[in-house]
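A.B. asks: I have a structure here, written as structure tokens, and I will follow up with some questions on it.
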Amino acid sequence: MRAAVIGLGALAVTLTASGCTVNEVFFLDLPDPATKEGSIIENLWQGSWIAAWAVGIFTWALMLWAAFAYRRRHKDDVPEQTKYNIPIEILYTVVPLIMILGLFWFTAKDQAEILAVNNDQDQTVNVVGYRWNWGFNYLDEGAYSVGTPDLPAELVLPVGEKIRFELTSPDVIHSFWVPAFLFKMDVIPGKTNVFELTPDKVGTYAGKCAELCGVDHARMLFNVRVVERAEFDQFIADLKAKGQTGLLDTGMSNDLGQMPDERTT
């Protein structure tokens with residue numbers, strides 16, 4: 001008992017000195033969700049960890065109890081020898097099955113809610129992932145923004161408005177990921193993936209490609225700015241003033257880093 005108390009005290013001191021928050025220690029941390037839908041992911045993540053900690057603590061307690069309750073008290077003691085224990089074996093089979101089915105049910109329910117496309121969006125943005133950067137077609141506004149590996153693209157969104165994202169790629173598979181949105185989706189050639197999110201916090205958020213797509217994958221970065229409607233309108237006006245009207249040329253690609261039999265151009 002004394003050793004256990006000392007161990008717990010040392011752990012508490014270590015965690016306190018590290019400056020970690022409770023969220024970081026027990027739930028491995030997540031960014032504060034910057035979208036209305038992000039709270040669904042956050043709740044699923046934290047609920048899964050709460051269930052995992054409960055199972056872990058119960059299991060550790062049983063292990064310690066068995067170790068002390070059934071320890072050898074005399075040198076010549078031999079524990080009772082049994083070949084099987086039907087109730088225990090049934091318990092060890094049924095309980096994990098119930099846990100897995102429960103986790104599956106919550107995951108499937110939340111996934112269906114997050115991926116639901118209701119077509120009631122306020123804005124539609126076509127995200128173009130290409131070697132080696134991003135372009136964004138503002139379909140309702142008739143304008144586009146685009147970046148380069150030296151100048152990350154910028155996606156500007158009006159706060160509080162539901163955005164429909166249509167993901168396309170002219171070359172290889174990429175993955176559109178904004179960590180603060182707690183969401184990512186693959187960008188697949190020949191297929192248009194669609195999802196809807198509602199940014200609800202003004203701010204600037206980092207985005208990146210989460211799929212190893214080639215030699216300059218690490219440079220496929222972009223920024224997301226969630227702004228008030230007036231600032232969004234001014235951004236669109238500035239794009240049009242620079243001649244960035246219509247649609248971005250979605251045929252942008254090159255053969256850098258490709259084997260001869262993989263080249264598309």
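Labels used: A, B, ... for chains in the order of the structure tokens, numbers from 1 for residues in each chain, and numbers from 1 for ligands as shown.
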List every residue of range 50-187 of chain A that DSSP, applied to the backbone, labels as strand (DSSP E or B), and write the result as a VMD selection string.

C.D. replies: chain A and resid 123 to 130 133 to 138 143 to 146 148 151 153 to 158 163 to 168 174 to 178 183 to 187

A.B. asks: With only C-alpha atoms as the counted atoms, please give the residues lying no more than 9 Å from Met220 in chain A, apart from itself and same-chain residues fewer than 4 positions off, as a PyMOL selection string.

C.D. replies: chain A and resi 129-134+148-149+152-153+207-209+216

A.B. asks: Please list as a short mmCIF file (atom, residue, chain, number, x, y, z; two decimals) with N, CA, C and O atoms, in the first residue's frame every residue within 7 Å of range 177-188 of chain A, counting only C-alpha atoms and excluding residues in the same chain fewer than 2 positions away.

C.D. replies:
data_model
loop_
_atom_site.label_atom_id
_atom_site.label_comp_id
_atom_site.auth_asym_id
_atom_site.auth_seq_id
_atom_site.Cartn_x
_atom_site.Cartn_y
_atom_site.Cartn_z
N PRO A 31 -8.05 19.29 -30.74
CA PRO A 31 -8.26 20.74 -30.86
C PRO A 31 -9.70 21.09 -30.51
O PRO A 31 -10.62 20.27 -30.68
N ASP A 32 -9.91 22.30 -30.01
CA ASP A 32 -11.28 22.76 -29.80
C ASP A 32 -12.00 22.79 -31.15
O ASP A 32 -11.50 23.41 -32.09
N PRO A 33 -13.12 22.09 -31.29
CA PRO A 33 -13.79 22.04 -32.60
C PRO A 33 -14.20 23.42 -33.08
O PRO A 33 -14.76 24.22 -32.32
N ALA A 34 -13.91 23.69 -34.36
CA ALA A 34 -14.22 25.00 -34.95
C ALA A 34 -15.45 24.94 -35.84
O ALA A 34 -15.73 25.87 -36.58
N THR A 35 -16.18 23.81 -35.77
CA THR A 35 -17.41 23.67 -36.55
C THR A 35 -18.53 23.16 -35.66
O THR A 35 -18.28 22.55 -34.60
N GLY A 38 -18.25 19.46 -35.28
CA GLY A 38 -17.07 18.95 -34.60
C GLY A 38 -17.35 18.41 -33.21
O GLY A 38 -16.65 17.51 -32.73
N ILE A 41 -17.79 14.59 -33.07
CA ILE A 41 -16.54 13.84 -33.02
C ILE A 41 -15.91 13.93 -31.64
O ILE A 41 -15.41 12.94 -31.08
N GLY A 129 -7.51 19.22 -55.09
CA GLY A 129 -6.19 18.82 -54.62
C GLY A 129 -5.36 18.32 -55.80
O GLY A 129 -5.80 17.43 -56.53
N LEU A 167 -15.00 17.59 -53.26
CA LEU A 167 -13.57 17.31 -53.37
C LEU A 167 -13.25 16.60 -54.68
O LEU A 167 -13.84 15.55 -54.98
N THR A 168 -12.31 17.17 -55.46
CA THR A 168 -11.90 16.56 -56.72
C THR A 168 -10.39 16.62 -56.87
O THR A 168 -9.72 17.47 -56.28
N SER A 169 -9.84 15.69 -57.66
CA SER A 169 -8.41 15.65 -57.92
C SER A 169 -8.18 15.26 -59.38
O SER A 169 -8.84 14.35 -59.88
N VAL A 172 -3.64 12.29 -58.42
CA VAL A 172 -3.53 11.16 -57.49
C VAL A 172 -4.43 11.42 -56.28
O VAL A 172 -5.06 12.47 -56.16
N ILE A 173 -4.46 10.44 -55.37
CA ILE A 173 -5.29 10.59 -54.17
C ILE A 173 -4.62 11.54 -53.19
O ILE A 173 -3.44 11.39 -52.86
N HIS A 174 -5.37 12.52 -52.75
CA HIS A 174 -4.96 13.42 -51.68
C HIS A 174 -5.97 13.27 -50.54
O HIS A 174 -6.91 12.48 -50.63
N SER A 175 -5.78 14.02 -49.47
CA SER A 175 -6.74 13.98 -48.37
C SER A 175 -6.87 15.37 -47.77
O SER A 175 -5.87 15.96 -47.34
N GLY A 190 -11.34 11.04 -60.41
CA GLY A 190 -12.49 10.39 -61.02
C GLY A 190 -13.69 10.24 -60.12
O GLY A 190 -14.69 9.64 -60.52
N LYS A 191 -13.64 10.77 -58.92
CA LYS A 191 -14.74 10.64 -57.97
C LYS A 191 -14.89 11.95 -57.21
O LYS A 191 -13.89 12.56 -56.81
N ASN A 193 -16.10 13.46 -53.86
CA ASN A 193 -16.54 13.24 -52.48
C ASN A 193 -17.15 14.52 -51.94
O ASN A 193 -16.65 15.62 -52.20
N TYR A 205 -7.09 28.66 -39.25
CA TYR A 205 -6.81 27.28 -38.94
C TYR A 205 -5.92 26.66 -40.02
O TYR A 205 -6.07 26.97 -41.20
N ALA A 206 -5.02 25.80 -39.58
CA ALA A 206 -4.10 25.14 -40.52
C ALA A 206 -4.78 23.96 -41.18
O ALA A 206 -5.58 23.24 -40.57
N GLY A 207 -4.44 23.75 -42.46
CA GLY A 207 -4.93 22.60 -43.20
C GLY A 207 -3.78 21.92 -43.91
O GLY A 207 -2.74 22.54 -44.16
N LYS A 208 -3.95 20.65 -44.24
CA LYS A 208 -2.86 19.92 -44.89
C LYS A 208 -3.43 18.70 -45.61
O LYS A 208 -4.59 18.33 -45.43
N CYS A 209 -2.57 18.09 -46.41
CA CYS A 209 -2.90 16.83 -47.06
C CYS A 209 -2.54 15.70 -46.11
O CYS A 209 -1.42 15.65 -45.60
N ALA A 210 -3.47 14.77 -45.85
CA ALA A 210 -3.23 13.68 -44.91
C ALA A 210 -3.00 12.35 -45.63
O ALA A 210 -3.07 11.30 -45.00
#

A.B. asks: Please report the interatomic distance between CA of Val95 in chain A and CA of Trp49 in chain A in Å with one decimal.

C.D. replies: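 These atoms are spaced 17.4 Å apart.
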
A.B. asks: Can you tell me, as number ranges by chain, what residues are no more than 10 Å from range 43-45 of chain A when counting only C-alpha atoms, ignoring any on the same chain fewer than 4 positions away?

C.D. replies: A: 27-30, 38-39, 49-50, 103, 106-107, 110-111

A.B. asks: Between A:Ala237, A:Glu37, A:Val215, A:Leu101, which one has atoms that come closest to Ile163 in chain A, using only C-alpha atoms?

C.D. replies: A:Glu37

A.B. asks: Quick one: DSSP alpha helix (DSSP H) residues in range 22-183 of chain A, as a VMD selection string?

C.D. replies: chain A and resid 22 to 27 38 to 69 86 to 115

A.B. asks: For the selection you just gave me, I'd like the residues written to a file as a PDB file, in the first residue's frame, keeping C-alpha atoms.

C.D. replies:
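Once written, again.pdb looks like this:
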ATOM      1  CA  VAL A  22      -6.827  16.833 -17.941  1.00  0.00           C
ATOM      2  CA  ASN A  23      -7.888  16.563 -21.594  1.00  0.00           C
ATOM      3  CA  GLU A  24      -4.298  15.910 -22.649  1.00  0.00           C
ATOM      4  CA  VAL A  25      -3.642  13.359 -19.916  1.00  0.00           C
ATOM      5  CA  PHE A  26      -6.807  11.286 -20.081  1.00  0.00           C
ATOM      6  CA  PHE A  27      -8.147  11.878 -23.615  1.00  0.00           C
ATOM      7  CA  GLY A  38     -17.066  18.948 -34.597  1.00  0.00           C
ATOM      8  CA  SER A  39     -18.693  18.470 -31.193  1.00  0.00           C
ATOM      9  CA  ILE A  40     -20.067  15.120 -32.425  1.00  0.00           C
ATOM     10  CA  ILE A  41     -16.543  13.837 -33.021  1.00  0.00           C
ATOM     11  CA  GLU A  42     -15.329  15.308 -29.744  1.00  0.00           C
ATOM     12  CA  ASN A  43     -18.085  13.581 -27.762  1.00  0.00           C
ATOM     13  CA  LEU A  44     -17.429  10.242 -29.481  1.00  0.00           C
ATOM     14  CA  TRP A  45     -13.682  10.512 -28.826  1.00  0.00           C
ATOM     15  CA  GLN A  46     -14.062  11.430 -25.163  1.00  0.00           C
ATOM     16  CA  GLY A  47     -16.815   8.857 -24.604  1.00  0.00           C
ATOM     17  CA  SER A  48     -14.604   6.135 -26.075  1.00  0.00           C
ATOM     18  CA  TRP A  49     -11.760   7.112 -23.753  1.00  0.00           C
ATOM     19  CA  ILE A  50     -14.043   7.180 -20.713  1.00  0.00           C
ATOM     20  CA  ALA A  51     -15.204   3.650 -21.544  1.00  0.00           C
ATOM     21  CA  ALA A  52     -11.605   2.539 -22.145  1.00  0.00           C
ATOM     22  CA  TRP A  53     -10.423   3.992 -18.822  1.00  0.00           C
ATOM     23  CA  ALA A  54     -13.324   2.336 -16.968  1.00  0.00           C
ATOM     24  CA  VAL A  55     -12.482  -1.056 -18.472  1.00  0.00           C
ATOM     25  CA  GLY A  56      -8.774  -0.547 -17.821  1.00  0.00           C
ATOM     26  CA  ILE A  57      -9.239   0.434 -14.160  1.00  0.00           C
ATOM     27  CA  PHE A  58     -11.599  -2.497 -13.558  1.00  0.00           C
ATOM     28  CA  THR A  59      -9.159  -4.913 -15.237  1.00  0.00           C
ATOM     29  CA  TRP A  60      -6.163  -3.592 -13.290  1.00  0.00           C
ATOM     30  CA  ALA A  61      -8.133  -3.884 -10.047  1.00  0.00           C
ATOM     31  CA  LEU A  62      -8.987  -7.532 -10.799  1.00  0.00           C
ATOM     32  CA  MET A  63      -5.358  -8.298 -11.639  1.00  0.00           C
ATOM     33  CA  LEU A  64      -4.099  -6.753  -8.405  1.00  0.00           C
ATOM     34  CA  TRP A  65      -6.810  -8.456  -6.356  1.00  0.00           C
ATOM     35  CA  ALA A  66      -5.975 -11.852  -7.878  1.00  0.00           C
ATOM     36  CA  ALA A  67      -2.263 -11.300  -7.332  1.00  0.00           C
ATOM     37  CA  PHE A  68      -2.718 -10.557  -3.632  1.00  0.00           C
ATOM     38  CA  ALA A  69      -5.706 -12.768  -2.806  1.00  0.00           C
ATOM     39  CA  ILE A  86     -17.399 -22.177 -17.927  1.00  0.00           C
ATOM     40  CA  PRO A  87     -18.985 -19.084 -16.275  1.00  0.00           C
ATOM     41  CA  ILE A  88     -15.716 -17.128 -16.428  1.00  0.00           C
ATOM     42  CA  GLU A  89     -15.049 -18.128 -20.022  1.00  0.00           C
ATOM     43  CA  ILE A  90     -18.574 -17.101 -21.061  1.00  0.00           C
ATOM     44  CA  LEU A  91     -18.071 -13.789 -19.225  1.00  0.00           C
ATOM     45  CA  TYR A  92     -14.775 -13.155 -21.037  1.00  0.00           C
ATOM     46  CA  THR A  93     -16.516 -13.782 -24.368  1.00  0.00           C
ATOM     47  CA  VAL A  94     -19.809 -11.972 -23.889  1.00  0.00           C
ATOM     48  CA  VAL A  95     -18.582  -8.799 -22.179  1.00  0.00           C
ATOM     49  CA  PRO A  96     -15.989  -7.873 -24.877  1.00  0.00           C
ATOM     50  CA  LEU A  97     -18.584  -8.616 -27.565  1.00  0.00           C
ATOM     51  CA  ILE A  98     -21.062  -6.236 -25.911  1.00  0.00           C
ATOM     52  CA  MET A  99     -18.362  -3.563 -25.655  1.00  0.00           C
ATOM     53  CA  ILE A 100     -17.366  -3.882 -29.319  1.00  0.00           C
ATOM     54  CA  LEU A 101     -20.986  -3.789 -30.516  1.00  0.00           C
ATOM     55  CA  GLY A 102     -21.654  -0.742 -28.343  1.00  0.00           C
ATOM     56  CA  LEU A 103     -18.639   1.117 -29.737  1.00  0.00           C
ATOM     57  CA  PHE A 104     -19.650   0.136 -33.265  1.00  0.00           C
ATOM     58  CA  TRP A 105     -23.199   1.412 -32.735  1.00  0.00           C
ATOM     59  CA  PHE A 106     -22.117   4.827 -31.420  1.00  0.00           C
ATOM     60  CA  THR A 107     -19.523   5.166 -34.196  1.00  0.00           C
ATOM     61  CA  ALA A 108     -21.986   4.228 -36.955  1.00  0.00           C
ATOM     62  CA  LYS A 109     -24.632   6.598 -35.551  1.00  0.00           C
ATOM     63  CA  ASP A 110     -22.275   9.572 -35.348  1.00  0.00           C
ATOM     64  CA  GLN A 111     -20.697   8.807 -38.721  1.00  0.00           C
ATOM     65  CA  ALA A 112     -24.101   8.749 -40.396  1.00  0.00           C
ATOM     66  CA  GLU A 113     -24.938  12.124 -38.844  1.00  0.00           C
ATOM     67  CA  ILE A 114     -21.650  13.734 -39.826  1.00  0.00           C
ATOM     68  CA  LEU A 115     -21.668  12.427 -43.408  1.00  0.00           C
TER      69      LEU A 115
END

A.B. asks: Have a look at CA of Lys240 in chain A and CA of Tyr138 in chain A and let me know their distance in Å, one decimal.

C.D. replies: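 Separation between CA of Lys240 in chain A and CA of Tyr138 in chain A: 11.2 Å.
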